[in-house]
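Asker: Pasting data.txt here (compact mmCIF, C-alpha atoms and all ligand atoms):
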```txt
# COMPACT_ATOMS: atom_id res chain seq x y z
CA MET A 1 -11.26 -0.97 9.02
CA GLY A 2 -8.38 -3.00 10.09
CA LYS A 3 -5.92 -5.82 10.38
CA ASP A 4 -5.66 -7.53 7.06
CA VAL A 5 -3.02 -9.15 4.89
CA ILE A 6 -2.69 -7.57 1.43
CA ILE A 7 -0.98 -9.71 -1.21
CA ALA A 8 1.25 -7.72 -3.58
CA CYS A 9 0.28 -9.15 -6.98
CA ASP A 10 3.47 -8.10 -8.76
CA PHE A 11 2.78 -10.03 -11.95
CA SER A 12 3.47 -8.74 -15.44
CA SER A 13 0.40 -10.24 -17.10
CA LYS A 14 -3.23 -10.89 -16.40
CA GLN A 15 -2.76 -14.60 -17.07
CA ALA A 16 -0.07 -14.98 -14.40
CA CYS A 17 -2.14 -13.00 -11.92
CA MET A 18 -5.35 -14.94 -12.56
CA ASP A 19 -3.52 -18.28 -12.40
CA PHE A 20 -2.29 -17.22 -8.98
CA LEU A 21 -5.69 -15.97 -7.75
CA ASP A 22 -7.39 -19.17 -8.98
CA LYS A 23 -5.63 -20.98 -6.13
CA PHE A 24 -7.71 -19.07 -3.57
CA THR A 25 -11.03 -20.86 -3.56
CA ASP A 26 -11.93 -20.23 0.07
CA ARG A 27 -11.05 -16.84 1.57
CA LYS A 28 -10.51 -14.15 -1.15
CA PRO A 29 -7.47 -12.11 -0.15
CA PHE A 30 -7.14 -8.32 -0.29
CA VAL A 31 -4.77 -7.75 -3.24
CA LYS A 32 -2.43 -4.94 -4.25
CA ILE A 33 -2.25 -4.10 -7.95
CA GLY A 34 0.76 -2.01 -8.88
CA MET A 35 1.86 0.02 -11.86
CA GLU A 36 3.30 -2.91 -13.81
CA LEU A 37 0.08 -4.91 -14.00
CA PHE A 38 -2.16 -1.86 -14.29
CA TYR A 39 -0.20 -0.35 -17.16
CA ALA A 40 0.06 -3.72 -18.89
CA GLU A 41 -3.59 -4.64 -18.64
CA GLY A 42 -5.48 -1.38 -18.04
CA PRO A 43 -8.45 -0.69 -15.76
CA GLN A 44 -10.24 -3.87 -16.87
CA ILE A 45 -7.89 -5.90 -14.68
CA VAL A 46 -9.25 -4.06 -11.65
CA ARG A 47 -12.86 -4.77 -12.66
CA GLU A 48 -12.11 -8.45 -13.22
CA ILE A 49 -10.31 -9.00 -9.93
CA LYS A 50 -13.00 -7.06 -8.10
CA ALA A 51 -15.68 -9.22 -9.76
CA ARG A 52 -13.94 -12.30 -8.30
CA GLY A 53 -14.63 -10.94 -4.83
CA HIS A 54 -11.27 -9.45 -3.86
CA LYS A 55 -10.70 -6.10 -2.17
CA ILE A 56 -8.21 -4.01 -4.13
CA PHE A 57 -5.40 -1.66 -3.13
CA LEU A 58 -4.49 0.16 -6.36
CA ASP A 59 -0.89 1.26 -5.85
CA LEU A 60 -0.32 3.94 -8.50
CA LYS A 61 1.29 6.62 -6.27
CA LEU A 62 -0.21 9.69 -7.94
CA HIS A 63 1.77 12.95 -7.93
CA ASP A 64 0.67 15.87 -10.13
CA ILE A 65 -1.08 19.23 -9.85
CA PRO A 66 -4.14 19.17 -7.57
CA ASN A 67 -6.71 19.42 -10.36
CA THR A 68 -5.21 16.52 -12.34
CA VAL A 69 -4.97 14.34 -9.25
CA LYS A 70 -8.52 15.20 -8.22
CA LYS A 71 -9.92 14.19 -11.61
CA SER A 72 -7.81 11.04 -11.83
CA MET A 73 -8.85 9.98 -8.32
CA SER A 74 -12.46 10.35 -9.37
CA VAL A 75 -11.82 7.82 -12.17
CA LEU A 76 -10.17 5.40 -9.73
CA SER A 77 -13.05 5.77 -7.31
CA ASN A 78 -15.48 4.81 -10.07
CA LEU A 79 -13.41 1.65 -10.57
CA ASP A 80 -14.55 0.75 -7.06
CA VAL A 81 -11.09 0.18 -5.60
CA ASP A 82 -10.95 -0.15 -1.81
CA MET A 83 -7.64 1.62 -1.22
CA THR A 84 -5.33 3.81 -3.28
CA ASN A 85 -2.39 6.14 -2.74
CA LEU A 86 -0.38 9.24 -3.68
CA HIS A 87 2.91 10.92 -2.82
CA ALA A 88 2.67 13.21 0.22
CA ALA A 89 5.35 15.31 -1.54
CA GLY A 90 2.53 16.63 -3.77
CA THR A 91 1.60 18.82 -0.76
CA GLY A 92 -1.64 19.44 1.11
CA ALA A 93 -3.48 21.05 -1.81
CA MET A 94 -2.93 17.93 -3.90
CA MET A 95 -3.94 15.58 -1.07
CA GLU A 96 -7.11 17.56 -0.39
CA GLY A 97 -7.93 17.56 -4.13
CA ALA A 98 -7.42 13.81 -4.18
CA LEU A 99 -9.88 13.29 -1.33
CA GLU A 100 -12.42 15.45 -3.09
CA GLY A 101 -12.03 13.49 -6.32
CA LEU A 102 -12.29 10.16 -4.55
CA THR A 103 -15.49 10.95 -2.66
CA ARG A 104 -18.50 9.44 -4.41
CA GLU A 105 -21.94 11.04 -4.60
CA ASP A 106 -23.16 8.91 -1.70
CA GLY A 107 -20.29 10.16 0.49
CA THR A 108 -18.29 6.90 0.44
CA ARG A 109 -14.73 6.72 -0.86
CA PRO A 110 -11.76 4.34 -1.01
CA ILE A 111 -9.16 4.51 1.77
CA LEU A 112 -6.48 7.03 0.76
CA ILE A 113 -2.93 6.62 2.00
CA ALA A 114 0.28 8.51 1.36
CA VAL A 115 3.77 7.47 0.45
CA THR A 116 6.21 9.58 2.50
CA GLN A 117 9.75 9.13 1.23
CA LEU A 118 10.31 6.02 -0.87
CA THR A 119 12.51 3.52 0.94
CA SER A 120 14.77 3.57 -2.13
CA THR A 121 15.61 7.24 -1.43
CA SER A 122 18.69 7.51 0.77
CA GLU A 123 19.28 10.43 3.11
CA GLU A 124 22.33 11.33 1.04
CA ARG A 125 20.37 11.54 -2.23
CA MET A 126 17.57 13.41 -0.49
CA LYS A 127 20.08 16.02 0.67
CA ASN A 128 22.15 16.23 -2.51
CA GLU A 129 19.46 15.91 -5.18
CA LEU A 130 16.28 17.15 -3.50
CA LEU A 131 18.02 19.72 -1.24
CA ILE A 132 16.11 18.43 1.79
CA ASN A 133 18.53 18.86 4.67
CA GLU A 134 16.61 17.35 7.59
CA PRO A 135 17.25 13.76 8.74
CA ILE A 136 15.15 11.29 6.71
CA ASP A 137 13.25 10.00 9.78
CA LYS A 138 12.13 13.54 10.55
CA VAL A 139 11.05 14.08 6.94
CA VAL A 140 9.04 10.83 6.93
CA MET A 141 7.23 11.77 10.15
CA HIS A 142 6.59 15.33 8.93
CA TYR A 143 5.07 14.03 5.67
CA ALA A 144 2.92 11.60 7.67
CA LYS A 145 1.64 14.53 9.76
CA ASN A 146 0.93 16.54 6.59
CA ALA A 147 -1.07 13.60 5.25
CA LYS A 148 -3.01 13.36 8.50
CA ASP A 149 -3.67 17.12 8.52
CA SER A 150 -4.93 16.93 4.92
CA GLY A 151 -7.51 14.32 5.96
CA LEU A 152 -5.84 11.18 4.59
CA ASP A 153 -6.39 7.83 6.27
CA GLY A 154 -2.81 6.69 6.71
CA VAL A 155 0.64 6.10 5.25
CA VAL A 156 2.75 3.33 3.78
CA CYS A 157 5.72 2.82 6.07
CA SER A 158 8.17 0.26 7.37
CA PRO A 159 6.71 -1.84 10.19
CA LEU A 160 9.61 -0.42 12.21
CA GLU A 161 8.07 3.06 11.85
CA ALA A 162 4.44 2.09 12.52
CA GLY A 163 4.62 2.75 16.27
CA LYS A 164 6.12 6.21 15.79
CA VAL A 165 3.51 7.10 13.15
CA HIS A 166 0.73 6.10 15.56
CA ASP A 167 2.32 8.13 18.36
CA LEU A 168 2.42 11.23 16.15
CA CYS A 169 -0.81 10.88 14.15
CA GLY A 170 -3.04 8.82 16.45
CA LYS A 171 -3.82 5.15 16.62
CA ASP A 172 -6.65 5.41 14.07
CA PHE A 173 -4.25 6.73 11.41
CA LEU A 174 -3.52 3.63 9.33
CA THR A 175 -0.09 2.13 8.81
CA ILE A 176 0.28 -0.08 5.76
CA THR A 177 3.56 -1.92 5.99
CA PRO A 178 5.57 -3.87 3.39
CA GLY A 179 8.91 -5.52 4.21
CA VAL A 180 7.31 -8.55 5.87
CA ARG A 181 9.06 -11.92 5.96
CA PHE A 182 8.53 -15.20 7.80
CA ALA A 183 11.05 -15.91 10.55
CA ASP A 184 12.33 -18.92 8.58
CA GLY A 185 12.00 -17.30 5.13
CA ASP A 186 14.17 -15.59 2.53
CA ILE A 187 14.69 -11.83 2.99
CA GLY A 188 15.42 -11.25 -0.73
CA ASP A 189 16.11 -7.58 -1.56
CA GLN A 190 14.27 -6.19 1.49
CA VAL A 191 16.55 -4.80 4.17
CA ARG A 192 14.54 -3.91 7.25
CA VAL A 193 12.03 -6.71 7.71
CA MET A 194 9.60 -8.01 10.32
CA THR A 195 7.55 -11.15 10.68
CA PRO A 196 3.74 -10.88 10.47
CA ALA A 197 3.52 -11.55 14.22
CA GLU A 198 6.01 -8.77 15.00
CA ALA A 199 4.17 -6.38 12.67
CA LYS A 200 0.97 -7.15 14.55
CA LYS A 201 2.64 -6.52 17.90
CA ILE A 202 4.02 -3.18 16.79
CA GLY A 203 0.60 -2.04 15.60
CA SER A 204 0.64 -2.27 11.78
CA ASP A 205 -2.91 -2.08 10.43
CA TYR A 206 -2.30 -3.83 7.11
CA ILE A 207 0.75 -5.82 6.00
CA VAL A 208 1.65 -5.96 2.31
CA VAL A 209 3.25 -9.31 1.47
CA GLY A 210 4.53 -10.24 -1.96
CA ARG A 211 7.09 -12.93 -2.63
CA PRO A 212 6.73 -14.82 0.68
CA ILE A 213 3.27 -15.71 -0.68
CA THR A 214 3.53 -15.39 -4.49
CA ALA A 215 6.77 -17.38 -4.73
CA ALA A 216 5.85 -19.96 -2.08
CA GLU A 217 5.46 -23.58 -3.03
CA ASP A 218 1.98 -23.46 -1.54
CA PRO A 219 0.77 -19.82 -1.76
CA VAL A 220 -2.54 -20.51 -0.03
CA ALA A 221 -0.76 -22.08 2.95
CA ALA A 222 1.67 -19.14 3.08
CA TYR A 223 -1.24 -16.68 2.97
CA ASN A 224 -3.08 -18.58 5.71
CA ARG A 225 0.07 -18.53 7.81
CA CYS A 226 0.28 -14.73 7.41
CA VAL A 227 -3.37 -14.37 8.39
CA ALA A 228 -2.92 -16.63 11.41
CA GLU A 229 0.13 -14.67 12.61
CA PHE A 230 -1.18 -11.19 11.84
CA CYS A 231 -4.97 -11.16 12.07
CA ASP A 232 -6.05 -13.90 14.45
O1 LIG A 301 7.78 -9.29 -2.48
P1 LIG A 301 7.72 -8.32 -1.34
O2 LIG A 301 7.03 -8.86 -0.10
O3 LIG A 301 9.06 -7.69 -1.02
O4 LIG A 301 6.76 -7.16 -1.90
C1 LIG A 301 6.51 -5.99 -1.19
C2 LIG A 301 5.61 -5.09 -1.98
O5 LIG A 301 5.53 -3.83 -1.32
C3 LIG A 301 6.10 -4.77 -3.39
O6 LIG A 301 4.94 -4.57 -4.22
C4 LIG A 301 6.85 -3.46 -3.22
O7 LIG A 301 6.85 -2.69 -4.38
C5 LIG A 301 6.01 -2.80 -2.13
N1 LIG A 301 6.73 -1.79 -1.36
C6 LIG A 301 7.89 -2.07 -0.64
N2 LIG A 301 8.52 -1.09 0.07
C7 LIG A 301 8.03 0.15 0.08
C8 LIG A 301 6.86 0.47 -0.62
C9 LIG A 301 6.24 -0.55 -1.34
O8 LIG A 301 8.33 -3.21 -0.63
N3 LIG A 301 8.62 1.08 0.80
```
Rewrite the structure of this file - the entire thing - as structure tokens.
Ligand code: C5P

Answerer:
Amino acid sequence: MGKDVIIACDFSSKQACMDFLDKFTDRKPFVKIGMELFYAEGPQIVREIKARGHKIFLDLKLHDIPNTVKKSMSVLSNLDVDMTNLHAAGTGAMMEGALEGLTREDGTRPILIAVTQLTSTSEERMKNELLINEPIDKVVMHYAKNAKDSGLDGVVCSPLEAGKVHDLCGKDFLTITPGVRFADGDIGDQVRVMTPAEAKKIGSDYIVVGRPITAAEDPVAAYNRCVAEFCD
């Protein structure tokens, strides 16, 4: 496991996504499929992208009772995804159920990672609406530890938190980090960003990169630049 660039394929239709992936004739990138594309196109989109030779991170962020999550994870595992995720807020019982559901008869399973607190959740809203009174950094680290203790493989976090997560949960506990931008690129709506090279230095295991690649004039060149900075 390790060090790869995952392209966030945030497209609203199969056509747009396939037109984009058609550009990659050489190295087939690891791709992230999110709720928008999955709900628009259904599980067949996963099978088709997989059949083209891509690894897939299916980003559906499950959160339900343990039995429902266990059974749903079993379905996702049969789709042969390489990585998927859930909300750590579902608690240990749900995370353990998820792992059980994901594990195939031959003992293999996709990588399972947790979302701690969404970056869109402010400390103020967390306190006022969720009645969680601890500082948000402490909550994020505590949820990461819960995920680790439940047997998960890692967490999604800001590259700025990757070092702290490794200190707390061990260097083998994976950090999957969005919020990546080129030094000379547009930040867009991301706030706390890092370059691929900085993310590598700080110890991110996988970077998730969307618009710096999908909206680039030459997406393959932008992808290759990410790989050169992060993986090589
Ligand atoms: O286009 P951009 O590089 O900002 O895309 C980043 C991807 O990572 C998007 O799919 C976004 O939903 C996802 N993501 C994020 N921040 C998080 C969790 C996921 O940007 N905290």

Asker: Residues near Phe230 of chain A, anyone? I mean within 10 Å using all atoms listed in the file, not counting same-chain ones fewer than 6 positions away, as a tab-separated table (two decimals) with C-alpha atoms, keeping the file's coordinate frame.

Answerer:
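Produced file around31.tsv, reproduced below:
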```tsv
chain	number	residue	atom	x	y	z
A	3	LYS	CA	-5.92	-5.82	10.38
A	4	ASP	CA	-5.66	-7.53	7.06
A	5	VAL	CA	-3.02	-9.15	4.89
A	195	THR	CA	7.55	-11.15	10.68
A	196	PRO	CA	3.74	-10.88	10.47
A	197	ALA	CA	3.52	-11.55	14.22
A	198	GLU	CA	6.01	-8.77	15.00
A	199	ALA	CA	4.17	-6.38	12.67
A	200	LYS	CA	0.97	-7.15	14.55
A	201	LYS	CA	2.64	-6.52	17.90
A	204	SER	CA	0.64	-2.27	11.78
A	205	ASP	CA	-2.91	-2.08	10.43
A	206	TYR	CA	-2.30	-3.83	7.11
A	207	ILE	CA	0.75	-5.82	6.00
A	224	ASN	CA	-3.08	-18.58	5.71
```

Asker: How would you write, as number ranges by chain, the set of residues no farther than 8 Å from ligand LIG 301 (chain A) when counting all atoms listed in the file?

Answerer: A: 8-10, 32, 34, 115, 118-120, 156-158, 177-181, 188-190, 208-214

Asker: Considering only C-alpha atoms, return as a PDB file with C-alpha atoms, keeping the file's coordinate frame whatever protein or nucleic-acid residues lie within 7 Å of segment 94-108 of chain A, sequence-local ones (same chain, fewer than 2 positions apart) excluded.

Answerer:
```
ATOM      1  CA  ILE A  65      -1.080  19.230  -9.850  1.00  0.00           C
ATOM      2  CA  PRO A  66      -4.140  19.170  -7.570  1.00  0.00           C
ATOM      3  CA  ASN A  67      -6.710  19.420 -10.360  1.00  0.00           C
ATOM      4  CA  VAL A  69      -4.970  14.340  -9.250  1.00  0.00           C
ATOM      5  CA  LYS A  70      -8.520  15.200  -8.220  1.00  0.00           C
ATOM      6  CA  LYS A  71      -9.920  14.190 -11.610  1.00  0.00           C
ATOM      7  CA  MET A  73      -8.850   9.980  -8.320  1.00  0.00           C
ATOM      8  CA  SER A  74     -12.460  10.350  -9.370  1.00  0.00           C
ATOM      9  CA  SER A  77     -13.050   5.770  -7.310  1.00  0.00           C
ATOM     10  CA  GLY A  90       2.530  16.630  -3.770  1.00  0.00           C
ATOM     11  CA  THR A  91       1.600  18.820  -0.760  1.00  0.00           C
ATOM     12  CA  GLY A  92      -1.640  19.440   1.110  1.00  0.00           C
ATOM     13  CA  PRO A 110     -11.760   4.340  -1.010  1.00  0.00           C
ATOM     14  CA  SER A 150      -4.930  16.930   4.920  1.00  0.00           C
TER      15      SER A 150
END
```

Asker: Mind working out the centre and edge lengths of an axis-aligned box for segment 122-141 of chain A, all listed atoms inside, 4 Å added to each side, rounded to one decimal in Å and written as JSON?

Answerer:
```
{"center_x": 14.8, "center_y": 13.6, "center_z": 2.7, "size_x": 23.1, "size_y": 20.2, "size_z": 23.7}
```

Asker: Tell me which of A:Phe20, A:Phe38, A:Phe173, A:Phe30 sits closest to Ala216 of chain A, counting all atoms listed in the file.

Answerer: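 For Ala216 of chain A, the nearest of the given residues is A:Phe20.
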
Asker: Using all atoms listed in the file for the distances, tell me which of A:Glu36, A:Asp153, A:Asp26, A:Asp167 is nearest to Ser12 of chain A.

Answerer: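 For Ser12 of chain A, the nearest of the given residues is A:Glu36.
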
Asker: Please complete segment 49-63 of chain A with N, CA and C atoms and give it back as a compact mmCIF listing (two decimals), in the coordinates of the input.

Answerer:
```
# COMPACT_ATOMS: atom_id res chain seq x y z
N ILE A 49 -10.72 -8.47 -11.24
CA ILE A 49 -10.31 -9.00 -9.93
C ILE A 49 -11.37 -8.67 -8.89
N LYS A 50 -11.93 -7.48 -9.01
CA LYS A 50 -13.00 -7.06 -8.10
C LYS A 50 -14.20 -8.01 -8.25
N ALA A 51 -14.52 -8.35 -9.50
CA ALA A 51 -15.68 -9.22 -9.76
C ALA A 51 -15.48 -10.62 -9.16
N ARG A 52 -14.21 -11.00 -8.93
CA ARG A 52 -13.94 -12.30 -8.30
C ARG A 52 -14.09 -12.23 -6.78
N GLY A 53 -14.37 -11.05 -6.26
CA GLY A 53 -14.63 -10.94 -4.83
C GLY A 53 -13.46 -10.48 -3.98
N HIS A 54 -12.42 -9.94 -4.63
CA HIS A 54 -11.27 -9.45 -3.86
C HIS A 54 -11.40 -7.96 -3.57
N LYS A 55 -10.89 -7.53 -2.41
CA LYS A 55 -10.70 -6.10 -2.17
C LYS A 55 -9.41 -5.70 -2.88
N ILE A 56 -9.36 -4.43 -3.34
CA ILE A 56 -8.21 -4.01 -4.13
C ILE A 56 -7.57 -2.74 -3.61
N PHE A 57 -6.24 -2.83 -3.41
CA PHE A 57 -5.40 -1.66 -3.13
C PHE A 57 -4.71 -1.34 -4.45
N LEU A 58 -5.10 -0.23 -5.08
CA LEU A 58 -4.49 0.16 -6.36
C LEU A 58 -3.33 1.11 -6.05
N ASP A 59 -2.13 0.59 -6.28
CA ASP A 59 -0.89 1.26 -5.85
C ASP A 59 -0.28 2.00 -7.04
N LEU A 60 -0.82 3.19 -7.34
CA LEU A 60 -0.32 3.94 -8.50
C LEU A 60 0.46 5.20 -8.09
N LYS A 61 0.46 5.52 -6.82
CA LYS A 61 1.29 6.62 -6.27
C LYS A 61 1.18 7.91 -7.08
N LEU A 62 -0.01 8.48 -7.13
CA LEU A 62 -0.21 9.69 -7.94
C LEU A 62 0.58 10.88 -7.39
N HIS A 63 1.04 11.73 -8.30
CA HIS A 63 1.77 12.95 -7.93
C HIS A 63 1.70 13.89 -9.11
```
